[in-house]
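Coordinates from entry_5.txt are shown below (compact mmCIF, C-alpha atoms).
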# COMPACT_ATOMS: atom_id res chain seq x y z
CA MET R 554 -4.82 -5.85 35.26
CA LEU R 555 -1.15 -6.61 34.56
CA SER R 556 0.04 -8.44 31.45
CA LEU R 557 3.58 -9.86 31.30
CA VAL R 558 4.99 -10.92 27.91
CA ILE R 559 7.83 -13.48 27.93
CA PRO R 560 9.26 -14.85 24.65
CA ILE R 561 10.56 -18.42 24.85
CA PHE R 562 12.78 -20.34 22.45
CA ASN R 563 14.15 -23.75 23.49
CA GLU R 564 14.30 -22.98 27.23
CA GLU R 565 12.97 -26.29 28.62
CA LYS R 566 15.73 -26.44 31.26
CA LEU R 567 14.69 -23.26 33.00
CA ILE R 568 10.90 -23.14 32.48
CA ASP R 569 10.13 -24.42 35.99
CA GLU R 570 12.33 -21.87 37.73
CA LEU R 571 11.13 -19.09 35.43
CA VAL R 572 7.45 -19.77 36.15
CA LYS R 573 7.96 -20.17 39.91
CA ARG R 574 9.90 -16.94 40.35
CA THR R 575 7.72 -14.95 37.94
CA ILE R 576 4.37 -15.97 39.43
CA SER R 577 5.65 -15.51 42.98
CA SER R 578 6.91 -12.02 42.15
CA ILE R 579 3.68 -10.92 40.42
CA GLU R 580 1.36 -12.27 43.10
CA SER R 581 3.31 -10.34 45.74
CA PHE R 582 1.87 -7.04 44.44
CA ILE R 583 -1.19 -7.77 42.24
CA ALA R 584 -3.93 -10.41 42.02
CA ASP R 585 -5.35 -9.67 38.56
CA TYR R 586 -2.74 -10.61 35.97
CA GLU R 587 -1.90 -12.68 32.91
CA VAL R 588 1.47 -14.09 31.88
CA ILE R 589 1.74 -14.55 28.11
CA PHE R 590 4.49 -16.95 27.13
CA VAL R 591 5.28 -16.60 23.42
CA ASP R 592 6.70 -19.89 22.15
CA ASP R 593 8.83 -18.71 19.25
CA GLY R 594 8.98 -21.99 17.34
CA SER R 595 10.72 -24.06 20.03
CA THR R 596 11.87 -27.52 18.97
CA ASP R 597 12.37 -28.91 22.49
CA GLN R 598 9.83 -29.50 25.28
CA SER R 599 9.40 -25.83 26.21
CA LEU R 600 5.77 -25.63 25.04
CA GLU R 601 4.79 -28.87 26.81
CA ARG R 602 6.34 -27.70 30.09
CA ILE R 603 4.50 -24.38 29.98
CA LEU R 604 1.25 -26.21 29.17
CA SER R 605 1.72 -28.35 32.26
CA TRP R 606 2.07 -25.19 34.36
CA GLN R 607 -1.02 -23.70 32.74
CA LYS R 608 -3.10 -26.59 34.14
CA LYS R 609 -2.11 -25.39 37.63
CA ASN R 610 -2.53 -21.67 36.97
CA ASN R 611 -5.11 -20.31 34.53
CA HIS R 612 -3.42 -16.89 34.58
CA ILE R 613 -0.83 -18.41 32.24
CA LYS R 614 -1.50 -18.01 28.52
CA ILE R 615 0.59 -19.38 25.68
CA LEU R 616 0.99 -17.96 22.20
CA SER R 617 2.55 -20.58 19.93
CA LEU R 618 4.03 -19.13 16.73
CA SER R 619 4.20 -21.16 13.53
CA LYS R 620 8.02 -20.96 13.41
CA ASN R 621 10.94 -19.03 14.87
CA PHE R 622 10.31 -15.42 13.83
CA GLY R 623 12.87 -13.90 16.17
CA HIS R 624 12.98 -12.14 19.51
CA GLN R 625 11.45 -8.83 18.45
CA ALA R 626 8.62 -10.48 16.50
CA ALA R 627 7.78 -12.68 19.51
CA TYR R 628 7.56 -9.63 21.75
CA THR R 629 5.36 -7.88 19.18
CA ALA R 630 2.97 -10.85 19.10
CA GLY R 631 2.71 -10.89 22.89
CA LEU R 632 2.09 -7.15 23.09
CA GLU R 633 -0.67 -7.34 20.49
CA TYR R 634 -2.42 -10.18 22.36
CA SER R 635 -2.05 -8.58 25.81
CA LYS R 636 -5.16 -7.21 27.54
CA GLY R 637 -3.72 -5.57 30.64
CA ASP R 638 -3.98 -1.93 31.66
CA VAL R 639 -0.27 -2.25 32.40
CA VAL R 640 1.98 -4.44 30.23
CA ALA R 641 5.50 -5.65 31.00
CA MET R 642 8.16 -7.21 28.76
CA MET R 643 10.75 -9.62 30.16
CA ASP R 644 13.27 -12.00 28.60
CA GLY R 645 12.78 -15.69 29.34
CA ASP R 646 16.33 -16.57 30.37
CA LEU R 647 16.07 -15.12 33.91
CA GLN R 648 18.75 -12.52 33.21
CA ASP R 649 16.01 -9.98 33.87
CA PRO R 650 15.09 -10.59 37.55
CA PRO R 651 11.29 -10.99 37.90
CA GLU R 652 11.54 -9.54 41.41
CA LEU R 653 12.07 -6.12 39.82
CA LEU R 654 8.51 -6.10 38.43
CA ALA R 655 7.11 -4.93 41.78
CA ASP R 656 9.41 -1.88 41.75
CA MET R 657 8.40 -1.03 38.17
CA TYR R 658 4.70 -1.32 39.04
CA LYS R 659 5.18 0.88 42.09
CA LYS R 660 7.02 3.50 40.07
CA ILE R 661 4.27 3.60 37.43
CA ASN R 662 1.48 3.94 39.98
CA GLU R 663 3.08 6.18 42.59
CA GLU R 664 5.25 8.40 40.40
CA ASN R 665 2.86 8.48 37.43
CA TYR R 666 5.31 7.26 34.79
CA ASP R 667 3.90 5.89 31.54
CA ILE R 668 6.93 3.70 30.83
CA VAL R 669 9.51 2.29 33.23
CA SER R 670 12.53 0.51 31.76
CA GLY R 671 15.26 -1.53 33.39
CA LYS R 672 18.56 0.33 33.23
CA ARG R 673 21.54 -2.03 33.36
CA ILE R 674 24.37 -0.70 35.52
CA GLY R 675 26.35 -3.93 35.45
CA ARG R 676 26.33 -7.59 34.43
CA LYS R 677 27.12 -10.71 36.44
CA SER R 678 27.76 -12.70 33.29
CA LYS R 679 31.37 -13.48 32.32
CA SER R 680 30.38 -14.26 28.73
CA SER R 681 32.52 -13.04 25.83
CA ARG R 682 29.38 -11.31 24.56
CA VAL R 683 29.40 -8.75 27.37
CA PRO R 684 32.11 -6.45 25.89
CA TYR R 685 30.30 -6.62 22.55
CA LYS R 686 27.00 -5.51 24.13
CA VAL R 687 28.70 -2.75 26.12
CA LEU R 688 30.40 -1.52 22.94
CA PHE R 689 27.08 -1.49 21.07
CA HIS R 690 25.31 0.60 23.72
CA LEU R 691 28.25 2.99 23.86
CA LEU R 692 28.27 3.35 20.07
CA PHE R 693 24.49 3.71 19.83
CA LYS R 694 24.53 6.37 22.53
CA HIS R 695 26.78 8.55 20.37
CA ILE R 696 25.46 7.90 16.86
CA GLY R 697 21.79 7.10 17.47
CA GLU R 698 19.14 9.77 17.12
CA ILE R 699 17.54 8.56 20.38
CA LYS R 700 19.71 9.86 23.19
CA ASN R 701 17.88 8.75 26.34
CA MET R 702 17.77 4.96 26.12
CA GLN R 703 20.00 4.80 29.21
CA ASN R 704 21.53 1.37 28.44
CA SER R 705 18.10 -0.27 28.59
CA GLY R 706 16.91 -3.33 26.69
CA ASN R 707 13.55 -5.06 26.39
CA TYR R 708 12.87 -5.33 30.14
CA SER R 709 10.19 -2.72 30.81
CA MET R 710 6.64 -1.95 31.95
CA MET R 711 4.17 0.34 30.16
CA LYS R 712 0.70 1.76 30.59
CA ARG R 713 -1.88 0.72 28.01
CA GLU R 714 -1.69 4.08 26.19
CA ALA R 715 2.03 3.59 25.61
CA VAL R 716 1.52 -0.02 24.50
CA ASN R 717 -1.11 1.05 21.97
CA ALA R 718 1.29 3.65 20.58
CA LEU R 719 4.09 1.09 20.37
CA ILE R 720 2.09 -1.57 18.52
CA SER R 721 0.61 1.04 16.17
CA MET R 722 4.04 1.30 14.49
CA LYS R 723 3.98 -1.43 11.87
CA GLU R 724 7.51 -1.44 10.45
CA LYS R 725 8.79 -4.93 9.72
CA VAL R 726 12.39 -4.34 10.82
CA ARG R 727 11.86 -3.77 14.54
CA TYR R 728 14.05 -2.72 17.44
CA LEU R 729 11.60 -2.41 20.32
CA PRO R 730 13.82 -0.59 22.85
CA GLY R 731 14.33 2.15 20.25
CA LEU R 732 10.65 2.25 19.28
CA ARG R 733 9.64 2.34 22.95
CA THR R 734 11.85 5.35 23.53
CA PHE R 735 10.74 7.01 20.28
CA ILE R 736 7.04 7.13 21.20
CA GLY R 737 7.72 9.57 24.03
CA PHE R 738 5.40 9.63 27.07
CA ARG R 739 6.81 10.07 30.57
CA GLN R 740 9.62 7.56 30.94
CA GLY R 741 11.51 6.46 34.04
CA TYR R 742 14.16 3.88 34.89
CA ILE R 743 14.92 1.23 37.48
CA GLU R 744 18.61 0.41 37.91
CA PHE R 745 19.68 -3.22 38.23
CA VAL R 746 22.61 -5.56 37.69
CA ARG R 747 21.75 -8.08 34.99
CA ASP R 748 22.04 -11.70 36.08
CA ASP R 749 23.77 -14.49 34.22
CA ARG R 750 21.64 -17.12 32.52
CA PHE R 751 20.04 -19.50 35.03
CA GLU R 752 20.50 -22.52 32.77
CA GLY R 753 21.49 -23.43 29.23
CA ASN R 754 23.27 -21.53 26.49
CA PRO R 755 22.32 -18.16 24.95
CA LYS R 756 19.82 -18.53 22.11
CA MET R 757 20.99 -15.37 20.35
CA SER R 758 24.01 -16.20 18.20
CA PHE R 759 26.67 -13.60 17.40
CA TYR R 760 25.14 -13.40 13.94
CA ASN R 761 21.69 -12.61 15.35
CA LEU R 762 23.22 -10.08 17.74
CA ASN R 763 24.90 -8.40 14.77
CA VAL R 764 21.61 -8.34 12.86
CA LEU R 765 19.81 -6.79 15.85
CA ALA R 766 22.57 -4.21 16.28
CA ALA R 767 22.37 -3.35 12.57
CA ASP R 768 18.58 -3.03 12.79
CA ALA R 769 18.97 -0.59 15.69
CA ILE R 770 21.63 1.52 13.98
CA PHE R 771 20.06 1.65 10.52
CA SER R 772 16.58 2.31 11.96
CA PHE R 773 17.54 5.08 14.37
CA SER R 774 20.68 6.69 12.95
CA ARG R 775 21.76 8.54 9.83
CA PHE R 776 25.39 8.04 10.79
CA PRO R 777 26.20 5.21 8.30
CA ILE R 778 25.05 7.19 5.26
CA ARG R 779 26.56 10.39 6.65
CA PHE R 780 29.83 8.52 7.23
CA CYS R 781 29.82 7.62 3.51
CA LEU R 782 29.41 11.30 2.61
CA ILE R 783 32.20 12.43 4.94
CA LEU R 784 34.63 9.70 3.88
CA GLY R 785 33.79 10.24 0.21
CA SER R 786 34.38 13.99 0.58
CA ILE R 787 37.73 13.44 2.30
CA GLY R 788 38.76 10.92 -0.37
CA THR R 789 37.78 13.34 -3.14
CA LEU R 790 39.79 16.14 -1.54
CA VAL R 791 42.84 13.94 -1.03
CA PHE R 792 42.86 12.67 -4.63
CA MET R 793 42.23 16.17 -6.02
CA CYS R 794 45.38 17.26 -4.23
CA ALA R 795 47.16 14.17 -5.53
CA GLY R 796 45.97 15.03 -9.07
CA ILE R 797 47.31 18.56 -8.78
CA TYR R 798 50.63 17.15 -7.55
CA VAL R 799 50.84 14.80 -10.56
CA LEU R 800 50.09 17.65 -13.01
CA ILE R 801 52.80 19.81 -11.47
CA ASP R 802 55.10 16.81 -11.58
CA LYS R 803 54.43 16.41 -15.31
CA VAL R 804 54.94 20.10 -16.06
CA TYR R 805 58.35 20.10 -14.42
CA GLY R 806 59.35 16.83 -16.05
CA PHE R 807 59.56 14.60 -13.01
CA ALA R 808 58.70 10.95 -13.65
CA VAL R 809 56.08 9.24 -11.58
CA ILE R 810 57.88 6.59 -9.54
CA GLY R 811 56.55 3.05 -10.02
CA TRP R 812 53.05 1.66 -10.17
CA SER R 813 52.60 0.80 -6.47
CA SER R 814 50.94 4.10 -5.56
CA THR R 815 48.61 3.83 -8.57
CA LEU R 816 47.50 0.29 -7.72
CA LEU R 817 47.05 1.15 -4.05
CA SER R 818 44.89 4.11 -5.01
CA ILE R 819 42.72 1.93 -7.24
CA TYR R 820 42.29 -0.71 -4.56
CA PHE R 821 41.57 1.94 -1.94
CA LEU R 822 38.90 3.65 -4.03
CA GLY R 823 37.39 0.30 -5.02
CA SER R 824 37.16 -0.79 -1.37
CA ILE R 825 35.49 2.48 -0.38
CA GLN R 826 32.96 2.07 -3.18
CA LEU R 827 32.13 -1.46 -2.01
CA VAL R 828 31.64 -0.20 1.55
CA PHE R 829 29.35 2.56 0.28
CA LEU R 830 27.34 0.07 -1.80
CA GLY R 831 27.02 -2.22 1.21
CA ILE R 832 25.71 0.56 3.43
CA LEU R 833 23.31 1.78 0.77
CA GLY R 834 22.25 -1.84 0.26
CA GLU R 835 21.28 -2.09 3.94
CA TYR R 836 18.94 0.87 3.59
CA VAL R 837 17.55 -0.43 0.29
CA TYR R 838 16.99 -3.89 1.81
CA ARG R 839 15.08 -2.43 4.75
CA SER R 840 12.95 -0.33 2.40
CA TYR R 841 12.26 -3.47 0.37
CA LYS R 842 11.22 -5.39 3.50
CA GLU R 843 8.76 -2.63 4.36
CA SER R 844 7.33 -2.57 0.83
CA GLN R 845 6.68 -6.34 0.97
CA ASN R 846 4.29 -5.68 3.88
CA ARG R 847 4.49 -9.26 5.15
CA PRO R 848 3.16 -10.00 8.66
CA VAL R 849 5.81 -9.93 11.38
CA TYR R 850 4.59 -13.28 12.74
CA PHE R 851 1.99 -16.04 12.31
CA VAL R 852 0.19 -17.64 15.25
CA LYS R 853 -0.17 -21.41 15.24
CA LYS R 854 -2.26 -21.74 18.42
CA PHE R 855 -3.28 -19.55 21.34
CA TYR R 856 -3.80 -21.37 24.62
CA ASP R 857 -6.01 -19.17 26.78
CA GLY R 858 -6.73 -20.71 30.16
CA GLY R 859 -6.25 -24.23 28.87
CA GLN R 860 -8.30 -23.74 25.69
CA GLU R 861 -6.87 -23.67 22.19
CA LYS R 862 -7.85 -20.86 19.84

Written form, structure tokens:
Amino acid sequence: MLSLVIPIFNEEKLIDELVKRTISSIESFIADYEVIFVDDGSTDQSLERILSWQKKNNHIKILSLSKNFGHQAAYTAGLEYSKGDVVAMMDGDLQDPPELLADMYKKINEENYDIVSGKRIGRKSKSSRVPYKVLFHLLFKHIGEIKNMQNSGNYSMMKREAVNALISMKEKVRYLPGLRTFIGFRQGYIEFVRDDRFEGNPKMSFYNLNVLAADAIFSFSRFPIRFCLILGSIGTLVFMCAGIYVLIDKVYGFAVIGWSSTLLSIYFLGSIQLVFLGILGEYVYRSYKESQNRPVYFVKKFYDGGQEK
């Protein structure tokens, strides 16, 4: 059995096309399946449109969350409710082509991979977000402790053993592509060019993209705190040399010229300290979130084959 998890947030304009293409793609290679749409607190008609499709196809299941918990939480909910021997994750904006699912399934079954992820080798989108995303993956490749993510995002397919390992990790600040790579298993990739959105505007704001990027970096890299140590060490060395210079200057009776250099030094050191406190604060905040131990999501209703649970 195949389970496909698709998070949805205010996507009423593309629901029809999404369901048509997804169901058509899945039924081309497997008969036993379920498609779990996770309604992440939509305020438009997304839920109603999916419910209307469920009346025509009882393979469609809908997990309605009590509010918008975010992309990663929605995926987590869908994974935990999935029942398939093989489970796939796919974004609901049709940038991940559903037609690629058949290739992933074939690769898992014929080449015995436990996890197959979509590796993006290009993007059709002309959005201003594209350079930002490319920059993030380039940066993460060099500073992240996970080196083999291969420019992959959420689009993937996993065997049940890998899914169980993934959902067994209960941290509250989640970056699923990193966690999926971290668990190990035999991982393969399918190359594809990511499509532009079929309809509507992106639901991830620049702020949310920044938060997700920060979650990835702070969860899977020691670089920020190590950067503080390196910069602090360099600053200490520079100002030790400056201190020695001032002492020699005093001994030989030379006057220190003006106050500009003194003020600049104070401002420079103060700025560095604020940066350090901010970086340390990010780690402290994430530790605090974990200690709260709040659930990642709450389910409002689960529509399983037309029945509410």

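Between Ala630 of chain R and the candidates R:Glu652, R:Glu843, R:Asp592, R:Asp597, the tightest atom-to-atom separation, counting all atoms listed in the file, involves R:Asp592.
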
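Comparing the minimum interatomic distances between Arg673 of chain R and each of R:Ser599, R:Ser840, R:Ser705, R:Ser721, counting only C-alpha atoms, we find that R:Ser705 sits nearest.
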
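Proximity of R:Leu719, R:Ile736, R:Met710, R:Ile583 to Leu653 of chain R, computed with all atoms listed in the file, is greatest for R:Met710.
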
inquiry  = List as a list in words the protein and nucleic acid residues near segment 563-569 of chain R, meaning an atom at most 9 Å away when only C-alpha atoms are counted, but skip any in the same chain fewer than 3 places from it.
reply    = Val572, Lys573, Arg574, Asp592, Asp593, Gly594, Ser595, Thr596, Asp597, Gln598, Ser599, Leu600, Glu601, Arg602, Ile603, Trp606, Gly645, Asp646, Leu647, Phe751, Glu752, Gly753 and Lys756 of chain R

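For the pair atom CA of Tyr634 of chain R and atom CA of Phe622 of chain R, the separation is 16.2 Å.
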
ask   = So what do you get for atom CA of Asn665 of chain R versus atom CA of Lys614 of chain R, distance-wise?
value = 28.3 Å

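The gap separating atom CA of Met657 of chain R from atom CA of Pro730 of chain R is 16.3 Å, in Å to one decimal.
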
Spatial neighbours of Ser619 of chain R, max dist 7 Å, only C-alpha atoms, sep filter under 3 positions, as an MDAnalysis selection string = chainID R and resid 594 851:853

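Here the question is which of R:Leu632, R:Val591, R:Leu571, R:Val640 gets nearest to Ser556 of chain R using only C-alpha atoms, and that residue is R:Val640.
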